[in-house]
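Engineer: First the structure, which I've put down as C-alpha cells, then a few questions once you've had a look.
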Amino acid sequence: MSELQSFPSIPTKILLPIDFSPSSQAALEMAADLAEHFHAELYLVNVIPFLPTTTLPDVNPEAEYLQEARMFAERHLAKCQAALLARGVKSVSSVEVGNGVVENIMEVLEREHIDMVVISTHGISGWHPLVFGSIAEKVVRLVQCPLLLLHSAKPESDLKIPSGRASEWW
C-alpha cells in the first residue's frame, strides 16, 4: 500500500459543485490544484434546479428548459474536463436535476464516496442569504468529510485569477 493511500486524510475523490460562475471558476482552479497535488480524481457536479410545472402559455415548457440547461451544463463540463485532462487531472462529471441543490450535492457525495469537497461562496450579502440561506452554508453544515470553502468577492467586483489558467475552463 502506498504512503498516500495509507493516510485517511489525503483525498482520493474531490467533489466540486460547479455553476459556471466566477466564484466556481476560482474553486475549479483550486480543486484542480488539490487533485493534481494529491493525485485525486475530481468529480464535477452541476445541479439544475427543477422548475414547477406551469400552465402559462408564454413560459417555456419544462422539458425544453431542462434539455437546454442540461446541454449548456454538459458543454461547459466537457470544456472543464478537457482542460483538466491537459493538466493530467483525472475527472468525472455529472449533471443532476432536482428540487434541492444541496440535497443533490449530498446525494452525489454519498453515491460517489467523496472524501473531500471544494465549494465557493458567491459573496452575496444582505437579506437574500439570510432568508433563503446559501447553498455553500448548507453544505458546510451537512458535510462530514473535509471541506475547503472559498470565500468569493462580492459579485460587483471582477474576479481575477492570478494564474491566468482558469480562462480556459469555459
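Identifiers for the C-alpha cells are assigned positionally: chains receive A, B, ... in sequence, residues are indexed from 1 per chain, and ligands are indexed from 1 in the order shown.
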Residues near stretch 36-48 of chain A, anyone? I mean within 7 Å using only C-alpha atoms, not counting same-chain ones fewer than 4 positions away, as a list in words.

Structural biologist: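 Contacts, in chain order: Ile10, Pro11, Thr12, Lys13, Ile14, Leu15, Leu16, Pro17, Ile18, Asp19, Ala32, Ala69, Ala73, Val89, Lys90, Ser91, Val92, Ser93, Ser94, Val95, Glu96, Val97, Gly98, Val101 and Asn104 of chain A.
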
Engineer: Store the residues picked out above, limited to C-alpha atoms, as an mmCIF file, in the first residue's frame.

Structural biologist:
```
data_model
loop_
_atom_site.group_PDB
_atom_site.id
_atom_site.type_symbol
_atom_site.label_atom_id
_atom_site.label_comp_id
_atom_site.auth_asym_id
_atom_site.auth_seq_id
_atom_site.Cartn_x
_atom_site.Cartn_y
_atom_site.Cartn_z
ATOM 1 C CA ILE A 10 -5.412 12.511 1.888
ATOM 2 C CA PRO A 11 -8.304 12.795 -0.543
ATOM 3 C CA THR A 12 -8.701 10.369 -3.413
ATOM 4 C CA LYS A 13 -12.006 11.797 -4.678
ATOM 5 C CA ILE A 14 -12.737 15.530 -4.547
ATOM 6 C CA LEU A 15 -16.215 16.903 -5.235
ATOM 7 C CA LEU A 16 -16.662 20.327 -6.799
ATOM 8 C CA PRO A 17 -20.222 21.646 -7.116
ATOM 9 C CA ILE A 18 -19.978 23.979 -10.111
ATOM 10 C CA ASP A 19 -22.411 26.528 -11.540
ATOM 11 C CA ALA A 32 -7.671 21.125 -9.823
ATOM 12 C CA ALA A 69 -29.959 23.633 -19.263
ATOM 13 C CA ALA A 73 -24.006 22.258 -18.473
ATOM 14 C CA VAL A 89 -6.014 15.520 -13.634
ATOM 15 C CA LYS A 90 -8.496 12.652 -13.817
ATOM 16 C CA SER A 91 -12.065 13.907 -13.698
ATOM 17 C CA VAL A 92 -15.667 12.768 -13.892
ATOM 18 C CA SER A 93 -18.715 14.975 -14.239
ATOM 19 C CA SER A 94 -22.445 14.738 -13.881
ATOM 20 C CA VAL A 95 -25.487 16.910 -14.335
ATOM 21 C CA GLU A 96 -28.126 16.394 -11.664
ATOM 22 C CA VAL A 97 -31.706 17.668 -11.735
ATOM 23 C CA GLY A 98 -33.727 18.190 -8.586
ATOM 24 C CA VAL A 101 -29.483 21.766 -4.946
ATOM 25 C CA ASN A 104 -28.484 16.709 -4.883
#
```

Engineer: Give me, as a list in words, all polymer residues having an atom no more than 8 Å from stretch 147-149 of chain A, counting only C-alpha atoms and skipping those fewer than 5 positions away in the same chain.

Structural biologist: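 Here the answer would be Met116, Val117, Val118, Ile119, Ser120, Thr121, Ala136 and Val140 of chain A.
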
Engineer: Identify, with DSSP run on backbone atoms, the residues in stretch 16-94 of chain A assigned to helix (DSSP H, G or I), and express the list as a VMD selection string.

Structural biologist: chain A and resid 22 to 38 62 to 87

Engineer: Under the rule that only C-alpha atoms are counted, which of A:Val108, A:Asn99, A:Phe20, A:Leu34 is the nearest residue to A:Glu74?

Structural biologist: A:Phe20

Engineer: Record the distance separating atom CA of A:Val102 and atom CA of A:Arg141, expressed in Å with one decimal.

Structural biologist: 10.6 Å

Engineer: Please indicate the distance in Å from atom CA of A:Glu29 to atom CA of A:Met71, rounded to one decimal place.

Structural biologist: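 Distance between the two atoms: 22.8 Å.
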
Engineer: Give me, please, the distance in Å between atom CA of A:His122 and atom CA of A:Ser23, quoted to one decimal.

Structural biologist: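 That distance, rounded to one decimal, is 5.9 Å.
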
Engineer: Nearest to A:Asp115 among A:Val139, A:Gln144, A:Glu68, A:Glu103, with distances taken over only C-alpha atoms: which residue is it?

Structural biologist: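 Ranked by minimum distance to A:Asp115, first place goes to A:Gln144.
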